[in-house]
file protein30.txt (compact mmCIF, C-alpha atoms and all ligand atoms)
# COMPACT_ATOMS: atom_id res chain seq x y z
CA MET A 199 26.07 -38.73 60.14
CA SER A 200 23.83 -37.96 63.13
CA ASP A 201 21.75 -40.62 64.88
CA PHE A 202 17.94 -40.57 65.43
CA SER A 203 18.22 -42.37 68.79
CA ASP A 204 20.23 -39.43 70.20
CA THR A 205 17.45 -36.92 69.44
CA ASN A 206 14.52 -35.75 71.56
CA TRP A 207 12.18 -37.51 69.11
CA ALA A 208 13.25 -40.86 70.52
CA ASP A 209 11.69 -39.70 73.83
CA SER A 210 7.95 -40.54 74.01
CA GLU A 211 7.07 -37.61 76.21
CA PHE A 212 8.72 -35.09 73.87
CA ALA A 213 6.92 -36.62 70.88
CA ARG A 214 3.56 -36.59 72.68
CA GLU A 215 3.98 -32.95 73.68
CA TYR A 216 4.47 -32.02 70.02
CA LEU A 217 1.42 -33.99 68.85
CA ASP A 218 -0.77 -32.47 71.55
CA ASN A 219 0.28 -28.86 71.00
CA ALA A 220 1.58 -28.35 67.45
CA GLU A 221 -1.59 -26.47 66.44
CA ALA A 222 -0.91 -23.93 69.18
CA TYR A 223 2.64 -23.08 68.18
CA VAL A 224 3.23 -23.93 64.53
CA PRO A 225 2.04 -20.77 62.76
CA PHE A 226 -0.51 -21.18 60.01
CA ARG A 227 -0.15 -24.97 60.15
CA GLN A 228 -3.57 -25.53 58.60
CA GLU A 229 -2.83 -23.02 55.85
CA MET A 230 0.37 -24.88 55.02
CA HIS A 231 -1.59 -28.11 54.86
CA LYS A 232 -4.08 -26.40 52.53
CA VAL A 233 -1.20 -25.50 50.20
CA LEU A 234 -0.18 -29.18 50.15
CA GLY A 235 -3.78 -30.09 49.27
CA LEU A 236 -3.88 -27.48 46.49
CA TYR A 237 -0.59 -28.79 45.13
CA TYR A 238 -1.85 -32.37 45.20
CA ARG A 239 -5.11 -31.43 43.47
CA ASN A 240 -3.33 -29.49 40.77
CA PHE A 241 -0.40 -31.80 40.00
CA LEU A 242 -1.32 -35.28 41.18
CA LEU A 243 -5.02 -35.98 41.54
CA GLY A 244 -6.25 -38.08 38.62
CA GLU A 245 -7.43 -41.49 37.63
CA ALA A 246 -4.12 -43.32 37.81
CA PRO A 247 -3.45 -44.47 41.40
CA LYS A 248 -0.62 -42.53 43.00
CA SER A 249 2.10 -43.79 45.30
CA VAL A 250 3.11 -41.39 48.00
CA LEU A 251 5.90 -41.34 50.59
CA ASP A 252 5.51 -39.38 53.85
CA LEU A 253 8.91 -38.78 55.47
CA GLY A 254 8.88 -38.08 59.21
CA CYS A 255 5.14 -38.70 59.23
CA GLY A 256 4.57 -38.11 62.96
CA ASP A 257 0.94 -39.00 63.60
CA GLY A 258 0.26 -39.05 59.85
CA ILE A 259 -1.22 -35.60 59.36
CA LEU A 260 0.02 -35.20 55.75
CA SER A 261 -0.97 -38.75 54.85
CA LEU A 262 -4.48 -38.12 56.17
CA ILE A 263 -4.78 -35.06 53.94
CA VAL A 264 -3.71 -37.04 50.86
CA ALA A 265 -5.91 -40.01 51.78
CA GLY A 266 -8.85 -37.61 52.20
CA LEU A 267 -8.27 -36.15 48.73
CA ASP A 268 -7.44 -39.29 46.84
CA GLU A 269 -8.86 -42.65 47.85
CA ASN A 270 -6.67 -44.38 45.23
CA ALA A 271 -3.41 -43.16 46.74
CA SER A 272 -1.20 -45.77 48.37
CA ILE A 273 0.95 -44.24 51.05
CA THR A 274 4.21 -45.30 52.67
CA LEU A 275 4.89 -43.64 56.00
CA VAL A 276 8.40 -43.45 57.42
CA ASP A 277 9.45 -42.24 60.85
CA GLY A 278 12.29 -42.99 63.23
CA SER A 279 9.76 -43.34 66.06
CA GLN A 280 7.62 -46.49 66.33
CA GLU A 281 5.26 -44.61 68.62
CA MET A 282 4.62 -42.00 65.92
CA LEU A 283 4.00 -44.73 63.33
CA ASP A 284 1.53 -46.45 65.66
CA ARG A 285 -0.37 -43.18 66.11
CA ALA A 286 -0.39 -42.63 62.34
CA ALA A 287 -1.63 -46.18 61.65
CA GLU A 288 -4.40 -45.69 64.21
CA ARG A 289 -5.50 -42.42 62.58
CA LEU A 290 -5.43 -43.83 59.04
CA GLY A 291 -7.55 -46.75 60.20
CA PRO A 292 -7.64 -50.45 59.33
CA GLN A 293 -9.08 -49.80 55.84
CA GLY A 294 -6.33 -47.35 54.90
CA ASN A 295 -4.13 -48.10 51.89
CA PHE A 296 -0.79 -47.58 53.62
CA THR A 297 2.37 -49.22 54.90
CA CYS A 298 4.64 -48.06 57.71
CA LEU A 299 8.39 -48.32 57.95
CA ARG A 300 10.39 -47.44 61.03
CA SER A 301 13.66 -45.97 59.83
CA SER A 302 15.75 -42.89 60.35
CA PHE A 303 16.29 -40.75 57.25
CA GLN A 304 19.99 -41.46 57.55
CA GLU A 305 19.40 -45.26 57.41
CA LEU A 306 16.93 -44.76 54.59
CA ALA A 307 19.41 -42.87 52.41
CA LYS A 308 22.15 -45.39 53.21
CA ASN A 309 20.35 -48.73 52.93
CA ASP A 310 17.55 -47.94 50.45
CA PRO A 311 14.94 -50.29 52.01
CA LEU A 312 11.98 -48.88 50.05
CA GLU A 313 10.56 -50.89 47.23
CA GLY A 314 9.09 -49.17 44.22
CA SER A 315 9.09 -45.53 43.31
CA PHE A 316 6.85 -42.62 44.14
CA ASP A 317 4.71 -40.01 42.42
CA LEU A 318 5.04 -37.77 45.46
CA VAL A 319 7.48 -37.61 48.35
CA MET A 320 6.29 -35.21 51.05
CA SER A 321 7.59 -34.20 54.45
CA SER A 322 6.65 -31.78 57.16
CA LEU A 323 8.78 -30.23 59.91
CA ALA A 324 11.20 -33.14 59.95
CA ILE A 325 14.10 -32.62 57.54
CA HIS A 326 15.46 -29.59 59.44
CA HIS A 327 16.59 -32.16 62.05
CA LEU A 328 19.27 -33.36 59.64
CA ASN A 329 22.63 -31.69 59.32
CA ARG A 330 23.63 -30.21 55.98
CA GLU A 331 25.38 -33.34 54.73
CA ASP A 332 22.48 -35.62 55.70
CA LYS A 333 19.95 -33.23 54.12
CA THR A 334 21.87 -33.28 50.87
CA SER A 335 22.08 -37.10 50.95
CA LEU A 336 18.34 -37.33 51.66
CA TYR A 337 17.48 -34.99 48.76
CA LYS A 338 19.55 -37.21 46.47
CA TYR A 339 17.89 -40.34 47.84
CA VAL A 340 14.41 -38.83 47.38
CA PHE A 341 15.31 -37.99 43.77
CA SER A 342 16.34 -41.60 43.22
CA CYS A 343 12.97 -42.88 44.50
CA LEU A 344 10.80 -40.53 42.47
CA LYS A 345 9.17 -41.75 39.30
CA PRO A 346 10.01 -39.67 36.22
CA GLY A 347 7.82 -36.56 36.59
CA GLY A 348 7.42 -37.24 40.36
CA HIS A 349 7.19 -34.47 42.94
CA PHE A 350 8.97 -33.60 46.17
CA ILE A 351 7.36 -31.15 48.58
CA ASN A 352 8.80 -30.16 51.94
CA ILE A 353 7.06 -28.11 54.64
CA ASP A 354 9.78 -27.05 57.04
CA VAL A 355 11.62 -24.40 59.02
CA VAL A 356 14.67 -22.72 57.51
CA LEU A 357 17.47 -20.51 58.71
CA ALA A 358 17.21 -16.83 57.74
CA PRO A 359 20.10 -15.55 55.62
CA THR A 360 21.01 -12.86 58.21
CA ASP A 361 20.75 -12.52 62.01
CA GLU A 362 18.59 -9.44 61.57
CA LEU A 363 16.04 -11.38 59.57
CA GLU A 364 16.22 -14.38 61.92
CA ASN A 365 15.44 -12.07 64.88
CA TRP A 366 12.49 -10.54 63.05
CA TYR A 367 11.14 -13.97 62.06
CA MET A 368 11.36 -15.12 65.70
CA GLN A 369 9.45 -11.99 66.76
CA VAL A 370 6.78 -12.64 64.13
CA TRP A 371 6.51 -16.26 65.33
CA GLU A 372 6.17 -15.22 68.96
CA GLU A 373 3.49 -12.65 68.05
CA TRP A 374 1.52 -15.36 66.25
CA ILE A 375 1.62 -17.56 69.37
CA VAL A 376 0.47 -14.66 71.57
CA ARG A 377 -2.38 -13.88 69.14
CA ARG A 378 -3.44 -17.51 69.11
CA LYS A 379 -3.82 -17.47 72.90
CA ALA A 380 -5.62 -14.09 72.83
CA GLU A 381 -8.09 -15.58 70.33
CA GLY A 382 -8.85 -18.33 72.86
CA LYS A 383 -7.41 -21.13 70.70
CA THR A 384 -5.28 -22.33 73.63
CA ASP A 385 -5.05 -21.70 77.39
CA ARG A 386 -1.31 -22.20 77.57
CA ASP A 387 1.51 -19.75 76.97
CA PHE A 388 3.79 -21.29 74.32
CA THR A 389 5.99 -18.23 73.69
CA ASP A 390 8.90 -20.10 75.26
CA ILE A 391 8.93 -22.43 72.26
CA VAL A 392 10.66 -19.75 70.19
CA ARG A 393 13.64 -19.68 72.58
CA ARG A 394 13.62 -23.47 72.89
CA TYR A 395 13.64 -23.81 69.10
CA HIS A 396 17.07 -22.15 69.00
CA GLU A 397 18.41 -23.96 72.05
CA ASN A 398 17.40 -27.46 70.93
CA PRO A 399 20.42 -29.07 69.22
CA ASP A 400 18.05 -31.29 67.18
CA ASN A 401 17.09 -28.22 65.14
CA VAL A 402 19.68 -27.63 62.44
CA PRO A 403 17.82 -25.64 59.78
CA ASP A 404 19.67 -24.47 56.69
CA THR A 405 18.77 -21.49 54.55
CA LEU A 406 16.08 -21.78 51.94
CA SER A 407 18.53 -20.71 49.23
CA PHE A 408 21.00 -23.48 50.20
CA GLN A 409 18.23 -26.06 50.00
CA LEU A 410 16.77 -24.84 46.71
CA LYS A 411 20.30 -24.94 45.26
CA ALA A 412 20.86 -28.45 46.68
CA LEU A 413 17.67 -29.61 44.92
CA GLU A 414 18.73 -27.99 41.63
CA GLU A 415 22.21 -29.45 41.86
CA THR A 416 20.69 -32.89 42.47
CA GLY A 417 18.75 -32.57 39.22
CA TYR A 418 15.27 -31.53 40.37
CA ALA A 419 13.35 -29.29 37.96
CA HIS A 420 10.60 -26.73 38.75
CA VAL A 421 12.36 -25.94 42.03
CA ASP A 422 10.58 -23.21 43.94
CA CYS A 423 9.30 -21.96 47.27
CA PHE A 424 5.50 -22.33 47.31
CA TYR A 425 4.81 -20.60 50.65
CA LYS A 426 6.72 -18.60 53.26
CA HIS A 427 5.91 -17.05 56.61
CA GLY A 428 9.00 -16.14 58.63
CA VAL A 429 11.06 -19.32 59.01
CA PHE A 430 8.16 -21.55 57.93
CA VAL A 431 8.33 -22.52 54.28
CA ILE A 432 7.06 -24.95 51.69
CA PHE A 433 9.43 -25.74 48.88
CA GLY A 434 10.12 -28.53 46.45
CA GLY A 435 10.75 -29.64 42.92
CA ARG A 436 10.11 -32.38 40.38
CA LYS A 437 12.01 -35.06 38.67
CA GLY A 438 11.99 -34.33 34.92
CA SER A 439 9.74 -36.65 32.94
CA GLY A 440 12.78 -37.90 31.00
CA ASP A 441 14.91 -38.43 34.14
CA ARG A 442 15.58 -41.92 35.49
C1 LIG B 501 7.97 -32.09 64.22
S1 LIG B 501 7.53 -33.76 63.97
C2 LIG B 501 6.55 -33.59 62.48
C3 LIG B 501 5.53 -34.68 62.34
C4 LIG B 501 4.54 -34.49 61.18
N1 LIG B 501 5.21 -34.59 59.90
C5 LIG B 501 3.82 -33.17 61.33
O1 LIG B 501 3.98 -32.30 60.47
O2 LIG B 501 3.10 -33.01 62.32
C6 LIG B 501 9.03 -34.46 63.33
C7 LIG B 501 8.92 -35.95 63.01
O3 LIG B 501 10.11 -36.36 62.34
C8 LIG B 501 10.61 -37.55 62.95
N2 LIG B 501 12.07 -37.49 62.79
C9 LIG B 501 12.90 -36.55 63.28
N3 LIG B 501 14.18 -36.80 62.90
C10 LIG B 501 14.12 -37.94 62.16
C11 LIG B 501 15.11 -38.73 61.50
N4 LIG B 501 16.38 -38.38 61.53
N5 LIG B 501 14.72 -39.85 60.86
C12 LIG B 501 13.40 -40.21 60.84
N6 LIG B 501 12.42 -39.51 61.44
C13 LIG B 501 12.78 -38.39 62.10
C14 LIG B 501 10.15 -37.49 64.40
O4 LIG B 501 10.08 -38.77 65.01
C15 LIG B 501 8.80 -36.81 64.27
O5 LIG B 501 7.77 -37.75 64.07
call {"tool": "encode", "arguments": {"input": "protein30.txt", "output": "structure tokens"}}
result
Amino acid sequence: MSDFSDTNWADSEFAREYLDNAEAYVPFRQEMHKVLGLYYRNFLLGEAPKSVLDLGCGDGILSLIVAGLDENASITLVDGSQEMLDRAAERLGPQGNFTCLRSSFQELAKNDPLEGSFDLVMSSLAIHHLNREDKTSLYKYVFSCLKPGGHFINIDVVLAPTDELENWYMQVWEEWIVRRKAEGKTDRDFTDIVRRYHENPDNVPDTLSFQLKALEETGYAHVDCFYKHGVFVIFGGRKGSGDR
């Protein structure tokens, strides 16, 4: 089991750099968020209040999207970084219907500190920081905290199944960053991020097929990939309505 405190995310400056610049180097970030919104509208939005868990919330971007769509949603935000949780709480505001819990995913899966169960567990660009074993444990834990019929949706980076594809996906990513700068969306050159992504030992993505299989083997139904652009994906599944 790896430890959150050994990762770059425990370093405030690293975390701040991500929050300040993610829009400039995460390709089609807003489009991915739109897909989450479409999913929520189609499968979750309704009269009954929904309980939602945001894993690795960062500054609460996914929670803000859900809160904006559904004022009845109650949201639990989890992150290993207190600084991230503070930023998220600030953005959601004093009237927000949310609670924050500082915990690593590893502690979460081991100690089960969450009370209640969820209609939706969502995560974005966080679970690829777990090794294979910890990912599998987390997927099992998420399954155990979903209500029957509940949903899991993960926006993340994955490993390509071959080196050839991985190289092409990195090229596509770099081209997106270059285009973003050419369009005047940022002044800075972030192309280095693509190299740093591979060098950073905190990034341990697994293939999409491994993760879809891990979800199916855990018992999730309706497992699918809902979006893909290079290594950036959205995938998930549901707990069957008869599953406990
Ligand atoms: C790339 S940021 C993503 C933040 C946000 N979800 C977004 O999409 O902007 C990754 C987040 O996951 C958190 N994180 C990384 N590894 C974690 C772990 N093992 N346990 C809990 N949180 C973790 C970091 O503190 C950080 O807030």
call {"tool": "residues_near_ligand", "arguments": {"input": "protein30.txt", "ligand": "ligand LIG 501 (chain B)", "cutoff": "7 Å", "atoms": "only C-alpha atoms and all ligand atoms", "output": "count of residues only"}}
result
31
call {"tool": "closest_residue", "arguments": {"input": "protein30.txt", "among": "A:Asp354, A:Glu415, A:Asp252, A:Glu229", "to": "A:Met320", "atoms": "all atoms listed in the file"}}
result
A:Asp252
call {"tool": "residues_near_point", "arguments": {"input": "protein30.txt", "point": "(3.4, -40.8, 30.7)", "cutoff": "10 Å", "atoms": "only C-alpha atoms", "output": "list of chain:residue names"}}
result
A:Pro346, A:Gly347, A:Ser439, A:Gly440
call {"tool": "write_last_selection", "arguments": {"input": "protein30.txt", "atoms": "C-alpha atoms", "output": "short mmCIF file (atom, residue, chain, number, x, y, z; two decimals), in the coordinates of the input"}}
result
data_model
loop_
_atom_site.label_atom_id
_atom_site.label_comp_id
_atom_site.auth_asym_id
_atom_site.auth_seq_id
_atom_site.Cartn_x
_atom_site.Cartn_y
_atom_site.Cartn_z
CA PRO A 346 10.01 -39.67 36.22
CA GLY A 347 7.82 -36.56 36.59
CA SER A 439 9.74 -36.65 32.94
CA GLY A 440 12.78 -37.90 31.00
#
call {"tool": "atom_distance", "arguments": {"input": "protein30.txt", "atom1": "atom CA of A:Pro247", "atom2": "atom CA of A:Glu305"}}
result
27.9 Å
call {"tool": "atom_distance", "arguments": {"input": "protein30.txt", "atom1": "atom CA of A:Tyr339", "atom2": "atom CA of A:Val233"}}
result
24.3 Å
call {"tool": "residues_near_point", "arguments": {"input": "protein30.txt", "point": "(6.9, -16.2, 59.0)", "cutoff": "10 Å", "atoms": "all atoms listed in the file", "output": "count of residues only"}}
result
18
call {"tool": "atom_distance", "arguments": {"input": "protein30.txt", "atom1": "atom CA of A:His326", "atom2": "atom CA of A:Ala307"}}
result
15.5 Å
call {"tool": "closest_residue", "arguments": {"input": "protein30.txt", "among": "A:Thr405, A:Gln280, A:Glu373, A:Leu312", "to": "A:Ile391", "atoms": "only C-alpha atoms"}}
result
A:Glu373
call {"tool": "closest_residue", "arguments": {"input": "protein30.txt", "among": "A:Asp332, A:Gly348, A:Ser407, A:Ser249", "to": "A:Gly314", "atoms": "only C-alpha atoms"}}
result
A:Ser249
call {"tool": "residues_around", "arguments": {"input": "protein30.txt", "residues": "A:Ile432", "least_positions_apart": "2", "cutoff": "6 Å", "atoms": "only C-alpha atoms", "output": "mmCIF file with C-alpha atoms, in the frame of the given file"}}
result
data_model
loop_
_atom_site.group_PDB
_atom_site.id
_atom_site.type_symbol
_atom_site.label_atom_id
_atom_site.label_comp_id
_atom_site.auth_asym_id
_atom_site.auth_seq_id
_atom_site.Cartn_x
_atom_site.Cartn_y
_atom_site.Cartn_z
ATOM 1 C CA ASN A 352 8.800 -30.160 51.940
ATOM 2 C CA ILE A 353 7.060 -28.110 54.640
ATOM 3 C CA CYS A 423 9.300 -21.960 47.270
ATOM 4 C CA PHE A 424 5.500 -22.330 47.310
ATOM 5 C CA TYR A 425 4.810 -20.600 50.650
#
call {"tool": "closest_residue", "arguments": {"input": "protein30.txt", "among": "A:Lys345, A:Arg378, A:His420, A:Arg393", "to": "A:Asp441", "atoms": "all atoms listed in the file"}}
result
A:Lys345
call {"tool": "closest_residue", "arguments": {"input": "protein30.txt", "among": "A:Ile351, A:Leu306, A:Ile273, A:Leu283", "to": "A:Met230", "atoms": "all atoms listed in the file"}}
result
A:Ile351
